[in-house]
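Engineer: Input coords.cif, format and content: mmCIF, C-alpha atoms.
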data_final
loop_
_atom_site.label_atom_id
_atom_site.label_comp_id
_atom_site.auth_asym_id
_atom_site.auth_seq_id
_atom_site.Cartn_x
_atom_site.Cartn_y
_atom_site.Cartn_z
CA MET P 101 134.66 -145.75 -1.33
CA ARG P 102 133.20 -143.28 1.12
CA ARG P 103 130.64 -144.86 3.40
CA LEU P 104 128.19 -143.51 5.95
CA ALA P 105 128.02 -144.61 9.56
CA ARG P 106 124.78 -144.55 11.52
CA LEU P 107 123.94 -143.78 15.13
CA PRO P 108 120.59 -143.49 16.96
CA ALA P 109 120.08 -139.87 17.96
CA VAL P 110 117.52 -137.31 19.08
CA TYR P 111 117.65 -133.66 18.05
CA MET P 112 116.44 -131.37 20.82
CA ARG P 113 116.02 -127.72 21.57
CA GLY P 114 117.09 -126.72 25.05
CA GLY P 115 116.42 -123.09 25.92
CA THR P 116 117.90 -120.97 23.11
CA SER P 117 120.23 -123.72 21.84
CA ARG P 118 119.92 -127.01 19.98
CA ALA P 119 121.94 -130.21 20.23
CA LEU P 120 122.24 -133.77 19.02
CA PHE P 121 121.49 -136.12 21.93
CA PHE P 122 123.10 -139.55 22.11
CA HIS P 123 122.75 -142.41 24.56
CA GLN P 124 126.15 -143.14 26.04
CA ARG P 125 125.55 -146.85 25.34
CA ASP P 126 125.49 -146.16 21.58
CA LEU P 127 128.89 -144.45 21.51
CA PRO P 128 132.32 -146.12 21.61
CA ALA P 129 133.59 -146.97 25.08
CA ASP P 130 136.83 -145.22 24.10
CA ARG P 131 135.96 -141.52 24.45
CA ALA P 132 138.90 -140.59 22.26
CA ALA P 133 136.73 -141.77 19.36
CA TRP P 134 133.91 -139.35 20.17
CA ASP P 135 135.46 -136.24 18.64
CA ALA P 136 135.53 -137.60 15.09
CA ILE P 137 131.90 -138.70 15.38
CA PHE P 138 130.66 -135.38 16.73
CA LEU P 139 132.60 -133.34 14.16
CA ALA P 140 131.32 -135.43 11.26
CA ALA P 141 127.73 -135.51 12.51
CA LEU P 142 127.55 -131.73 12.88
CA GLY P 143 129.52 -130.93 9.72
CA SER P 144 132.70 -129.48 11.22
CA PRO P 145 135.12 -128.08 10.37
CA ASP P 146 133.44 -125.92 7.72
CA PRO P 147 135.61 -123.03 6.44
CA GLY P 148 132.41 -121.46 5.11
CA GLY P 149 130.96 -121.45 8.63
CA ARG P 150 127.62 -123.04 7.69
CA GLN P 151 128.02 -126.75 8.57
CA LEU P 152 125.97 -127.62 5.51
CA ASP P 153 127.27 -131.20 5.44
CA GLY P 154 126.00 -131.94 8.92
CA MET P 155 123.38 -131.18 11.55
CA GLY P 156 125.03 -128.03 12.90
CA GLY P 157 123.53 -124.59 12.34
CA GLY P 158 126.67 -122.56 11.68
CA ILE P 159 126.75 -120.76 15.05
CA SER P 160 127.99 -121.89 18.44
CA SER P 161 124.52 -122.19 20.00
CA LEU P 162 123.53 -124.68 17.27
CA SER P 163 126.75 -126.72 17.26
CA LYS P 164 126.40 -128.81 20.39
CA VAL P 165 126.20 -132.44 21.50
CA ALA P 166 124.80 -134.04 24.66
CA VAL P 167 125.57 -137.58 25.81
CA VAL P 168 123.28 -139.07 28.46
CA GLY P 169 123.61 -142.33 30.34
CA PRO P 170 123.11 -144.03 33.72
CA SER P 171 124.48 -142.09 36.64
CA SER P 172 127.92 -142.87 38.02
CA ARG P 173 126.99 -141.16 41.32
CA PRO P 174 124.46 -142.14 43.98
CA ASP P 175 123.16 -138.55 44.27
CA ALA P 176 122.10 -138.31 40.61
CA ASP P 177 119.74 -140.09 38.22
CA VAL P 178 121.73 -139.66 34.99
CA ASP P 179 125.17 -138.65 33.78
CA TYR P 180 125.27 -135.90 31.16
CA THR P 181 128.33 -134.91 29.14
CA PHE P 182 128.26 -131.73 27.06
CA ALA P 183 130.38 -131.20 23.95
CA GLN P 184 130.85 -127.85 22.21
CA VAL P 185 131.79 -128.43 18.58
CA GLN P 186 133.68 -125.64 16.83
CA VAL P 187 132.13 -124.61 13.54
CA ASP P 188 135.30 -123.79 11.61
CA ALA P 189 137.94 -125.95 13.32
CA PRO P 190 138.35 -129.66 14.20
CA VAL P 191 137.96 -128.92 17.90
CA VAL P 192 135.51 -130.42 20.40
CA GLY P 193 135.43 -128.85 23.87
CA TYR P 194 134.44 -130.67 27.06
CA ARG P 195 135.79 -128.25 29.68
CA GLY P 196 132.50 -126.48 30.38
CA ASN P 197 128.76 -127.03 30.39
CA CYS P 198 125.83 -125.46 28.52
CA GLY P 199 122.95 -124.37 30.72
CA ASN P 200 120.50 -124.22 27.83
CA ILE P 201 121.20 -127.77 26.72
CA SER P 202 121.07 -128.86 30.37
CA SER P 203 117.38 -127.93 30.33
CA ALA P 204 116.66 -130.64 27.73
CA VAL P 205 118.45 -133.42 29.62
CA GLY P 206 115.65 -134.07 32.12
CA PRO P 207 112.92 -134.33 29.47
CA PHE P 208 115.19 -136.53 27.32
CA ALA P 209 115.85 -138.86 30.27
CA VAL P 210 112.13 -139.26 30.96
CA GLU P 211 111.15 -139.68 27.29
CA GLU P 212 113.87 -142.30 26.79
CA GLY P 213 112.89 -144.26 29.89
CA LEU P 214 116.15 -143.59 31.71
CA VAL P 215 114.25 -142.08 34.63
CA PRO P 216 110.77 -143.35 35.58
CA ALA P 217 108.24 -140.58 36.11
CA THR P 218 104.67 -140.61 37.34
CA GLY P 219 102.20 -138.07 38.64
CA GLY P 220 102.09 -134.42 37.72
CA GLU P 221 105.77 -133.46 38.01
CA ALA P 222 109.16 -134.99 37.39
CA THR P 223 112.39 -134.22 39.20
CA VAL P 224 115.59 -135.40 37.53
CA ARG P 225 118.98 -135.11 39.25
CA ILE P 226 121.61 -134.61 36.57
CA HIS P 227 125.33 -135.17 37.08
CA ASN P 228 127.19 -132.98 34.61
CA THR P 229 130.44 -134.84 34.02
CA ASN P 230 132.16 -131.77 32.54
CA THR P 231 132.01 -129.84 35.80
CA GLY P 232 131.26 -132.53 38.39
CA LYS P 233 128.21 -130.51 39.46
CA ILE P 234 124.63 -131.59 40.15
CA ILE P 235 121.72 -129.95 38.32
CA VAL P 236 118.16 -130.58 39.47
CA ALA P 237 115.54 -130.26 36.73
CA SER P 238 111.84 -130.07 37.63
CA PHE P 239 109.06 -129.96 35.04
CA PRO P 240 105.38 -130.88 34.66
CA LEU P 241 104.22 -134.22 33.27
CA GLU P 242 101.24 -135.26 31.22
CA ASP P 243 100.49 -138.96 30.69
CA GLY P 244 103.96 -139.84 31.95
CA LEU P 245 105.79 -137.57 29.51
CA PRO P 246 107.06 -133.98 29.74
CA ARG P 247 104.20 -131.58 29.20
CA LEU P 248 104.68 -129.29 26.24
CA GLU P 249 101.88 -126.76 26.63
CA GLY P 250 102.30 -123.90 29.06
CA ASP P 251 102.26 -120.14 29.40
CA PHE P 252 105.98 -119.59 30.02
CA ALA P 253 107.54 -117.32 27.38
CA LEU P 254 111.30 -117.68 26.90
CA GLN P 255 112.79 -114.66 25.20
CA GLY P 256 114.54 -115.69 22.01
CA VAL P 257 112.11 -118.59 21.40
CA ALA P 258 108.77 -118.09 19.67
CA GLY P 259 105.56 -118.99 21.50
CA THR P 260 105.07 -120.33 25.00
CA ALA P 261 105.62 -123.72 26.66
CA ALA P 262 105.73 -125.50 30.01
CA PRO P 263 108.57 -124.20 32.20
CA ILE P 264 111.55 -126.26 33.31
CA ARG P 265 113.09 -125.22 36.61
CA LEU P 266 116.86 -125.71 36.68
CA ALA P 267 118.70 -125.51 39.99
CA PHE P 268 122.51 -125.62 39.76
CA THR P 269 123.77 -126.64 43.20
CA ALA P 270 127.14 -125.41 44.50
CA PRO P 271 128.04 -123.90 41.09
CA GLY P 272 131.30 -122.29 42.24
CA GLY P 273 134.55 -123.60 40.75
CA ALA P 274 132.89 -125.54 37.92
CA ALA P 275 136.01 -125.56 35.73
CA THR P 276 138.83 -124.30 37.96
CA GLY P 277 137.81 -125.52 41.40
CA LYS P 278 137.57 -121.94 42.70
CA LEU P 279 134.83 -119.31 42.57
CA LEU P 280 137.58 -116.69 42.17
CA PRO P 281 140.40 -118.47 40.29
CA THR P 282 142.90 -115.64 40.90
CA GLY P 283 141.76 -115.09 44.47
CA GLN P 284 140.69 -111.54 43.59
CA ALA P 285 137.27 -110.02 42.92
CA LEU P 286 138.90 -107.53 40.56
CA ASP P 287 142.06 -107.93 38.47
CA ARG P 288 144.18 -105.96 36.04
CA LEU P 289 144.24 -108.29 33.05
CA GLU P 290 147.16 -107.83 30.66
CA VAL P 291 145.73 -108.32 27.15
CA PRO P 292 148.09 -108.36 24.15
CA GLY P 293 147.23 -105.44 21.89
CA LEU P 294 144.89 -103.85 24.43
CA GLY P 295 147.09 -103.34 27.48
CA ALA P 296 145.81 -103.65 31.05
CA LEU P 297 142.04 -104.05 31.41
CA GLU P 298 140.05 -104.04 34.64
CA ALA P 299 138.30 -107.42 34.79
CA SER P 300 136.58 -109.83 37.15
CA LEU P 301 137.40 -113.50 36.59
CA VAL P 302 134.67 -115.66 38.09
CA ASP P 303 133.93 -119.39 37.80
CA ALA P 304 130.34 -120.30 38.67
CA ALA P 305 128.49 -122.79 36.42
CA ASN P 306 131.11 -121.82 33.81
CA PRO P 307 134.12 -119.50 33.91
CA VAL P 308 133.47 -115.96 32.64
CA VAL P 309 135.66 -112.88 32.23
CA PHE P 310 133.70 -109.69 32.93
CA VAL P 311 134.88 -106.37 31.48
CA ALA P 312 133.17 -103.00 31.21
CA ALA P 313 131.87 -102.27 27.72
CA GLU P 314 133.14 -98.70 27.99
CA ALA P 315 136.70 -99.99 28.48
CA LEU P 316 136.50 -101.12 24.84
CA GLY P 317 134.82 -97.95 23.62
CA LEU P 318 131.40 -99.62 23.57
CA GLU P 319 128.08 -98.78 25.23
CA GLY P 320 126.86 -102.29 25.98
CA THR P 321 123.69 -101.71 23.96
CA GLU P 322 125.15 -102.87 20.62
CA ARG P 323 123.31 -105.50 18.60
CA PRO P 324 125.18 -108.80 18.08
CA ALA P 325 125.72 -108.05 14.38
CA ALA P 326 127.52 -104.83 15.27
CA LEU P 327 129.88 -106.78 17.53
CA SER P 328 130.60 -109.46 14.91
CA THR P 329 133.16 -107.48 12.90
CA PRO P 330 136.68 -108.93 12.58
CA HIS P 331 138.00 -106.00 14.64
CA HIS P 332 135.72 -106.68 17.60
CA ILE P 333 136.04 -110.49 17.38
CA ALA P 334 139.84 -110.22 17.50
CA ARG P 335 139.65 -108.06 20.64
CA PHE P 336 137.19 -110.39 22.37
CA GLU P 337 139.39 -113.38 21.52
CA ALA P 338 142.46 -111.63 22.93
CA ILE P 339 140.58 -110.97 26.19
CA ARG P 340 139.33 -114.57 26.35
CA ALA P 341 142.79 -116.06 25.79
CA ALA P 342 144.41 -113.78 28.38
CA ALA P 343 141.67 -114.63 30.89
CA ALA P 344 142.01 -118.37 30.22
CA LEU P 345 145.68 -118.11 31.12
CA ALA P 346 145.06 -115.98 34.22
CA MET P 347 142.36 -118.41 35.44
CA GLY P 348 144.67 -121.39 35.07
CA LEU P 349 142.58 -123.03 32.35
CA VAL P 350 145.59 -123.26 30.01
CA HIS P 351 149.37 -123.25 30.27
CA ASP P 352 149.99 -120.60 27.63
CA LEU P 353 148.21 -118.33 25.16
CA GLU P 354 148.80 -120.71 22.25
CA GLU P 355 146.84 -123.45 24.03
CA ALA P 356 144.01 -120.99 24.68
CA ARG P 357 143.88 -120.03 21.00
CA THR P 358 144.04 -123.53 19.55
CA ARG P 359 142.72 -126.08 22.06
CA LEU P 360 140.42 -124.34 24.54
CA ARG P 361 138.42 -122.07 22.28
CA ASN P 362 135.11 -121.85 24.16
CA LEU P 363 136.20 -120.82 27.68
CA PRO P 364 135.99 -118.53 29.46
CA GLN P 365 132.95 -116.75 28.10
CA VAL P 366 133.44 -113.01 27.62
CA ALA P 367 130.85 -110.65 29.13
CA LEU P 368 130.69 -106.94 28.29
CA LEU P 369 128.87 -105.10 31.08
CA ALA P 370 127.15 -101.76 31.44
CA ALA P 371 125.01 -100.15 34.12
CA PRO P 372 121.24 -100.10 33.45
CA ARG P 373 120.23 -97.90 30.51
CA ASP P 374 117.58 -97.99 27.79
CA ALA P 375 118.63 -100.57 25.21
CA PRO P 376 117.18 -101.93 21.94
CA ALA P 377 115.89 -105.49 21.83
CA ALA P 378 115.91 -107.86 18.87
CA ASP P 379 112.17 -107.42 18.28
CA GLY P 380 112.55 -103.66 17.81
CA THR P 381 111.29 -102.66 21.23
CA ILE P 382 113.26 -100.72 23.80
CA LEU P 383 114.19 -102.37 27.09
CA PRO P 384 113.76 -99.64 29.73
CA ALA P 385 116.55 -99.06 32.22
CA GLY P 386 114.05 -99.36 35.07
CA GLY P 387 113.28 -102.98 34.15
CA MET P 388 116.85 -104.27 34.40
CA ASP P 389 119.61 -104.54 36.98
CA LEU P 390 122.56 -105.01 34.63
CA LEU P 391 123.18 -104.82 30.89
CA VAL P 392 125.30 -107.51 29.21
CA ARG P 393 126.55 -108.56 25.80
CA MET P 394 128.12 -112.02 25.88
CA VAL P 395 130.59 -113.74 23.57
CA SER P 396 130.92 -117.54 23.56
CA ALA P 397 133.03 -119.72 21.27
CA GLY P 398 134.07 -116.57 19.41
CA GLN P 399 130.57 -115.36 18.59
CA PRO P 400 128.43 -112.59 20.13
CA HIS P 401 125.21 -114.14 21.38
CA LYS P 402 121.72 -113.08 20.38
CA ALA P 403 120.60 -113.97 23.89
CA THR P 404 122.68 -114.88 26.95
CA PRO P 405 124.39 -118.25 27.45
CA LEU P 406 122.60 -119.61 30.48
CA THR P 407 125.72 -120.59 32.39
CA GLY P 408 127.09 -117.12 31.68
CA ALA P 409 123.97 -115.52 33.14
CA MET P 410 124.21 -117.71 36.23
CA CYS P 411 127.86 -116.81 36.70
CA LEU P 412 126.91 -113.15 36.32
CA ALA P 413 124.21 -113.46 39.00
CA VAL P 414 126.74 -114.93 41.43
CA ALA P 415 129.43 -112.40 40.47
CA ALA P 416 127.03 -109.53 41.13
CA ARG P 417 126.89 -110.73 44.76
CA ILE P 418 130.68 -110.55 45.19
CA PRO P 419 131.71 -107.27 46.84
CA GLY P 420 134.41 -105.48 44.86
CA SER P 421 133.70 -107.22 41.59
CA LEU P 422 132.92 -105.35 38.39
CA PRO P 423 129.39 -106.85 38.15
CA HIS P 424 128.73 -105.83 41.77
CA ARG P 425 129.88 -102.29 41.02
CA LEU P 426 127.76 -101.86 37.86
CA ALA P 427 124.58 -103.68 38.95
CA ARG P 428 121.61 -101.96 40.51
CA PRO P 429 121.58 -102.67 44.27
CA ARG P 430 119.19 -105.48 45.22
CA GLY P 431 118.00 -107.29 48.29
CA ALA P 432 119.45 -110.66 49.27
CA ALA P 433 116.40 -112.55 47.97
CA GLU P 434 115.89 -110.56 44.75
CA ASP P 435 116.66 -111.89 41.27
CA LEU P 436 119.23 -110.27 39.04
CA ARG P 437 117.39 -108.97 35.98
CA VAL P 438 119.89 -109.43 33.15
CA ALA P 439 119.24 -107.36 30.02
CA HIS P 440 120.56 -108.97 26.83
CA PRO P 441 119.84 -108.54 23.09
CA SER P 442 116.65 -110.65 23.21
CA GLY P 443 115.11 -109.27 26.40
CA ILE P 444 115.31 -109.61 30.18
CA LEU P 445 116.41 -112.79 31.96
CA PRO P 446 115.79 -113.07 35.74
CA VAL P 447 118.34 -115.26 37.52
CA THR P 448 118.32 -116.30 41.18
CA ALA P 449 121.64 -116.66 43.00
CA ARG P 450 121.77 -117.79 46.62
CA THR P 451 125.06 -117.10 48.37
CA ARG P 452 126.44 -117.03 51.89
CA MET P 453 129.55 -115.78 53.64
CA GLU P 454 131.83 -118.43 55.11
CA ASP P 455 135.12 -117.60 56.84
CA GLY P 456 135.08 -114.18 55.22
CA ALA P 457 134.59 -115.54 51.69
CA LEU P 458 131.46 -115.67 49.57
CA VAL P 459 130.15 -119.17 48.76
CA ALA P 460 127.72 -119.81 45.91
CA GLU P 461 125.01 -122.17 47.16
CA GLU P 462 122.64 -122.34 44.20
CA THR P 463 121.53 -120.62 41.03
CA VAL P 464 118.05 -121.07 39.61
CA VAL P 465 116.69 -120.29 36.15
CA TYR P 466 113.70 -121.30 34.05
CA ARG P 467 113.87 -122.62 30.50
CA THR P 468 111.77 -124.55 28.00
CA ALA P 469 112.80 -127.52 25.84
CA ARG P 470 111.35 -129.71 23.13
CA ARG P 471 112.14 -132.89 21.22
CA LEU P 472 112.47 -131.95 17.55
CA MET P 473 113.52 -135.12 15.69
CA GLU P 474 114.36 -138.71 16.51
CA GLY P 475 115.90 -141.51 14.50
CA THR P 476 119.35 -142.05 13.02
CA VAL P 477 122.07 -139.55 12.24
CA LEU P 478 124.27 -140.43 9.27
CA TYR P 479 127.83 -139.17 9.01
CA PRO P 480 130.96 -139.96 7.00
CA ALA P 481 132.85 -142.79 8.65
CA SER P 482 136.48 -142.20 9.43
CA GLY P 483 139.20 -144.54 8.22
#
For the structure just supplied, provide its representation as structure tokens.

Structural biologist:
Amino acid sequence: MRRLARLPAVYMRGGTSRALFFHQRDLPADRAAWDAIFLAALGSPDPGGRQLDGMGGGISSLSKVAVVGPSSRPDADVDYTFAQVQVDAPVVGYRGNCGNISSAVGPFAVEEGLVPATGGEATVRIHNTNTGKIIVASFPLEDGLPRLEGDFALQGVAGTAAPIRLAFTAPGGAATGKLLPTGQALDRLEVPGLGALEASLVDAANPVVFVAAEALGLEGTERPAALSTPHHIARFEAIRAAAALAMGLVHDLEEARTRLRNLPQVALLAAPRDAPAADGTILPAGGMDLLVRMVSAGQPHKATPLTGAMCLAVAARIPGSLPHRLARPRGAAEDLRVAHPSGILPVTARTRMEDGALVAEETVVYRTARRLMEGTVLYPASG
């Protein structure tokens, strides 16, 4: 007889994503058992792509899990492990992080009593176990809990809320150990079916492959739905798999296609130009520094994956890279204004030159987050 297992959980929105949050103490000590739990809880794999038998939302940004527990490092307050659950395949990825979900970790830690907080502001040092990096989240408090009300508007999320400042320290080499995994700012990437493509392969916060939209016959202003055709998805996947191999993330293309399906992210770039936004308005070229359409876990995003935007901000500081070539010139202290389908995202990237090489010191972004549900998640027990 089929039976249901139960686990305490919290469902949270972080930025433009949502995830099931678990305490590490409530999960099996053997992490090999986590995959089956996460897949069943979110309703994957679902050949129909809707995850109707679970808590997932049928798209990559709504098919995520966060596990939070006591820190294993003296320079952090909590450990945080991110899991990307594939919608249509029995695959759970741990090789990268999600910046949006990272924004909910600090509030979760305070609300759950993992980190004591008093006064008007909390600062939570988060050790992301996927990348080994430290993220510092700062946000206002009210009566000892994260304040909800505020005037910060996050494009892609209705209304306004209190801002959460996220500082990703030393983001370079998050997955590969190198800011430039190939040692080059610009490569000729051999892509099966497409030939040689000019690309920049950069690993900051998460690995990303940057290609010019025009190299694929695109303008970079396309809406996500227009990029979601089987023809386009197949091309993006071919680029991602070839980049994963070139960056050393996998041993062969088959591993990239079957086991590492969420990295690197694919970014289609264009120089500033007027572009339509999701709300029907036009984003003027003068209000942006770079235009991007991003693909993550096989799906074009309606906004920009936060780690992808942070990697882009760092890449735009690397002389000779494709982002540096296409971006509007800026001063050393100026944000990169990233235009995406839902609006404009400003991202700060602090870099320095060391022994002739660029070093990424910090990237800073602002998000909002909110607790949506709390209680018990029920899922079909295995075995």

Engineer: What do you get, as a PyMOL selection string, if you spell out every residue that the PyMOL selection byres ((chain P and resi 144) around 10) selects here?

Structural biologist: chain P and resi 136+138-143+145-147+149-156+158+163+185-192

Engineer: Counting all atoms listed in the file, which residues in stretch 260-331 of chain P sit no more than 6 Å from stretch 414-424 of chain P? For each one, give the nearest pair of atoms and the distance in Å, sorted by chain then residue number, as JSON lines.

Structural biologist:
{"residue": "P:Ala285", "atom": "CA", "partner": "P:Ser421", "partner_atom": "CA", "distance": 4.7}
{"residue": "P:Leu286", "atom": "CA", "partner": "P:Ser421", "partner_atom": "CA", "distance": 5.3}
{"residue": "P:Ser300", "atom": "CA", "partner": "P:Ser421", "partner_atom": "CA", "distance": 5.9}

Engineer: Compile the contact shell of P:Pro170 as a list of chain:residue names: residues with an atom at most 12 Å away, counting all atoms listed in the file, same-chain residues fewer than 2 positions apart removed.

Structural biologist: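 After dropping sequence-adjacent residues, the list is P:His123, P:Gln124, P:Arg125, P:Val167, P:Val168, P:Ser172, P:Arg173, P:Pro174, P:Asp175, P:Ala176, P:Asp177, P:Val178, P:Asp179, P:Tyr180, P:Thr181, P:Ala209, P:Glu212, P:Gly213, P:Leu214, P:Val215, P:Arg225, P:Ile226, P:His227, P:Asn228, P:Thr229.
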
Engineer: Evaluate the PyMOL selection byres ((chain P and resi 112-118) around 9) here and jot the selected residues down as a PyMOL selection string.

Structural biologist: chain P and resi 110-111+119-121+156-157+160-165+198-205+208+254-257+403-406+466-474

Engineer: So how far away is atom CA of P:Leu104 from atom CA of P:Arg359, in Å?

Structural biologist: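 Straight-line distance from atom CA of P:Arg359 to atom CA of P:Leu104 works out to 27.8 Å.
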
Engineer: Do you know which residues the PyMOL selection byres ((chain P and resi 392) around 9) returns on this file, as a list in words?

Structural biologist: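 That selection, the PyMOL selection byres ((chain P and resi 392) around 9), comes back as Ala313, Gly320, Thr321, Ala367, Leu368, Leu369, Ala370, Ala371, Leu390, Leu391, Arg393, Met394, Thr404, Val438, Ala439, His440 and Pro441 of chain P.
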
Engineer: Pull C-alpha atoms from the residues just selected and write them as a PDB file, in the frame of the given file.

Structural biologist:
ATOM      1  CA  ALA P 313     131.870-102.270  27.720  1.00  0.00           C
ATOM      2  CA  GLY P 320     126.860-102.290  25.980  1.00  0.00           C
ATOM      3  CA  THR P 321     123.690-101.710  23.960  1.00  0.00           C
ATOM      4  CA  ALA P 367     130.850-110.650  29.130  1.00  0.00           C
ATOM      5  CA  LEU P 368     130.690-106.940  28.290  1.00  0.00           C
ATOM      6  CA  LEU P 369     128.870-105.100  31.080  1.00  0.00           C
ATOM      7  CA  ALA P 370     127.150-101.760  31.440  1.00  0.00           C
ATOM      8  CA  ALA P 371     125.010-100.150  34.120  1.00  0.00           C
ATOM      9  CA  LEU P 390     122.560-105.010  34.630  1.00  0.00           C
ATOM     10  CA  LEU P 391     123.180-104.820  30.890  1.00  0.00           C
ATOM     11  CA  ARG P 393     126.550-108.560  25.800  1.00  0.00           C
ATOM     12  CA  MET P 394     128.120-112.020  25.880  1.00  0.00           C
ATOM     13  CA  THR P 404     122.680-114.880  26.950  1.00  0.00           C
ATOM     14  CA  VAL P 438     119.890-109.430  33.150  1.00  0.00           C
ATOM     15  CA  ALA P 439     119.240-107.360  30.020  1.00  0.00           C
ATOM     16  CA  HIS P 440     120.560-108.970  26.830  1.00  0.00           C
ATOM     17  CA  PRO P 441     119.840-108.540  23.090  1.00  0.00           C
TER      18      PRO P 441
END

Engineer: Could you add whatever atoms are missing so that stretch 183-189 of chain P carries all heavy atoms, then write the result as a PDB file, keeping the file's coordinate frame?

Structural biologist:
ATOM      1  N   ALA P 183     129.286-131.437  24.884  1.00  0.00           N
ATOM      2  CA  ALA P 183     130.380-131.200  23.950  1.00  0.00           C
ATOM      3  C   ALA P 183     130.057-129.987  23.091  1.00  0.00           C
ATOM      4  O   ALA P 183     129.000-129.931  22.462  1.00  0.00           O
ATOM      5  CB  ALA P 183     130.607-132.426  23.058  1.00  0.00           C
ATOM      6  N   GLN P 184     130.972-129.021  23.078  1.00  0.00           N
ATOM      7  CA  GLN P 184     130.850-127.850  22.210  1.00  0.00           C
ATOM      8  C   GLN P 184     131.730-128.087  20.981  1.00  0.00           C
ATOM      9  O   GLN P 184     132.944-128.225  21.091  1.00  0.00           O
ATOM     10  CB  GLN P 184     131.313-126.583  22.926  1.00  0.00           C
ATOM     11  CG  GLN P 184     131.257-125.318  22.080  1.00  0.00           C
ATOM     12  CD  GLN P 184     129.826-124.869  21.794  1.00  0.00           C
ATOM     13  OE1 GLN P 184     129.053-124.610  22.714  1.00  0.00           O
ATOM     14  NE2 GLN P 184     129.481-124.800  20.525  1.00  0.00           N
ATOM     15  N   VAL P 185     131.086-128.149  19.822  1.00  0.00           N
ATOM     16  CA  VAL P 185     131.790-128.430  18.580  1.00  0.00           C
ATOM     17  C   VAL P 185     132.073-127.122  17.845  1.00  0.00           C
ATOM     18  O   VAL P 185     131.141-126.362  17.546  1.00  0.00           O
ATOM     19  CB  VAL P 185     130.967-129.385  17.692  1.00  0.00           C
ATOM     20  CG1 VAL P 185     131.690-129.671  16.378  1.00  0.00           C
ATOM     21  CG2 VAL P 185     130.688-130.693  18.437  1.00  0.00           C
ATOM     22  N   GLN P 186     133.330-126.858  17.571  1.00  0.00           N
ATOM     23  CA  GLN P 186     133.680-125.640  16.830  1.00  0.00           C
ATOM     24  C   GLN P 186     133.169-125.755  15.404  1.00  0.00           C
ATOM     25  O   GLN P 186     133.219-126.818  14.781  1.00  0.00           O
ATOM     26  CB  GLN P 186     135.191-125.443  16.824  1.00  0.00           C
ATOM     27  CG  GLN P 186     135.763-125.051  18.167  1.00  0.00           C
ATOM     28  CD  GLN P 186     135.300-123.667  18.608  1.00  0.00           C
ATOM     29  OE1 GLN P 186     135.218-122.750  17.811  1.00  0.00           O
ATOM     30  NE2 GLN P 186     134.990-123.525  19.879  1.00  0.00           N
ATOM     31  N   VAL P 187     132.690-124.637  14.889  1.00  0.00           N
ATOM     32  CA  VAL P 187     132.130-124.610  13.540  1.00  0.00           C
ATOM     33  C   VAL P 187     133.224-124.701  12.493  1.00  0.00           C
ATOM     34  O   VAL P 187     133.119-125.460  11.520  1.00  0.00           O
ATOM     35  CB  VAL P 187     131.283-123.343  13.334  1.00  0.00           C
ATOM     36  CG1 VAL P 187     130.819-123.231  11.878  1.00  0.00           C
ATOM     37  CG2 VAL P 187     130.078-123.338  14.272  1.00  0.00           C
ATOM     38  N   ASP P 188     134.294-123.937  12.657  1.00  0.00           N
ATOM     39  CA  ASP P 188     135.300-123.790  11.610  1.00  0.00           C
ATOM     40  C   ASP P 188     136.626-124.482  11.896  1.00  0.00           C
ATOM     41  O   ASP P 188     137.595-124.287  11.162  1.00  0.00           O
ATOM     42  CB  ASP P 188     135.558-122.306  11.345  1.00  0.00           C
ATOM     43  CG  ASP P 188     136.055-121.582  12.596  1.00  0.00           C
ATOM     44  OD1 ASP P 188     136.065-122.197  13.679  1.00  0.00           O
ATOM     45  OD2 ASP P 188     136.432-120.402  12.483  1.00  0.00           O
ATOM     46  N   ALA P 189     136.690-125.283  12.954  1.00  0.00           N
ATOM     47  CA  ALA P 189     137.940-125.950  13.320  1.00  0.00           C
ATOM     48  C   ALA P 189     137.637-127.348  13.858  1.00  0.00           C
ATOM     49  O   ALA P 189     136.559-127.582  14.406  1.00  0.00           O
ATOM     50  CB  ALA P 189     138.699-125.132  14.369  1.00  0.00           C
TER      51      ALA P 189
END
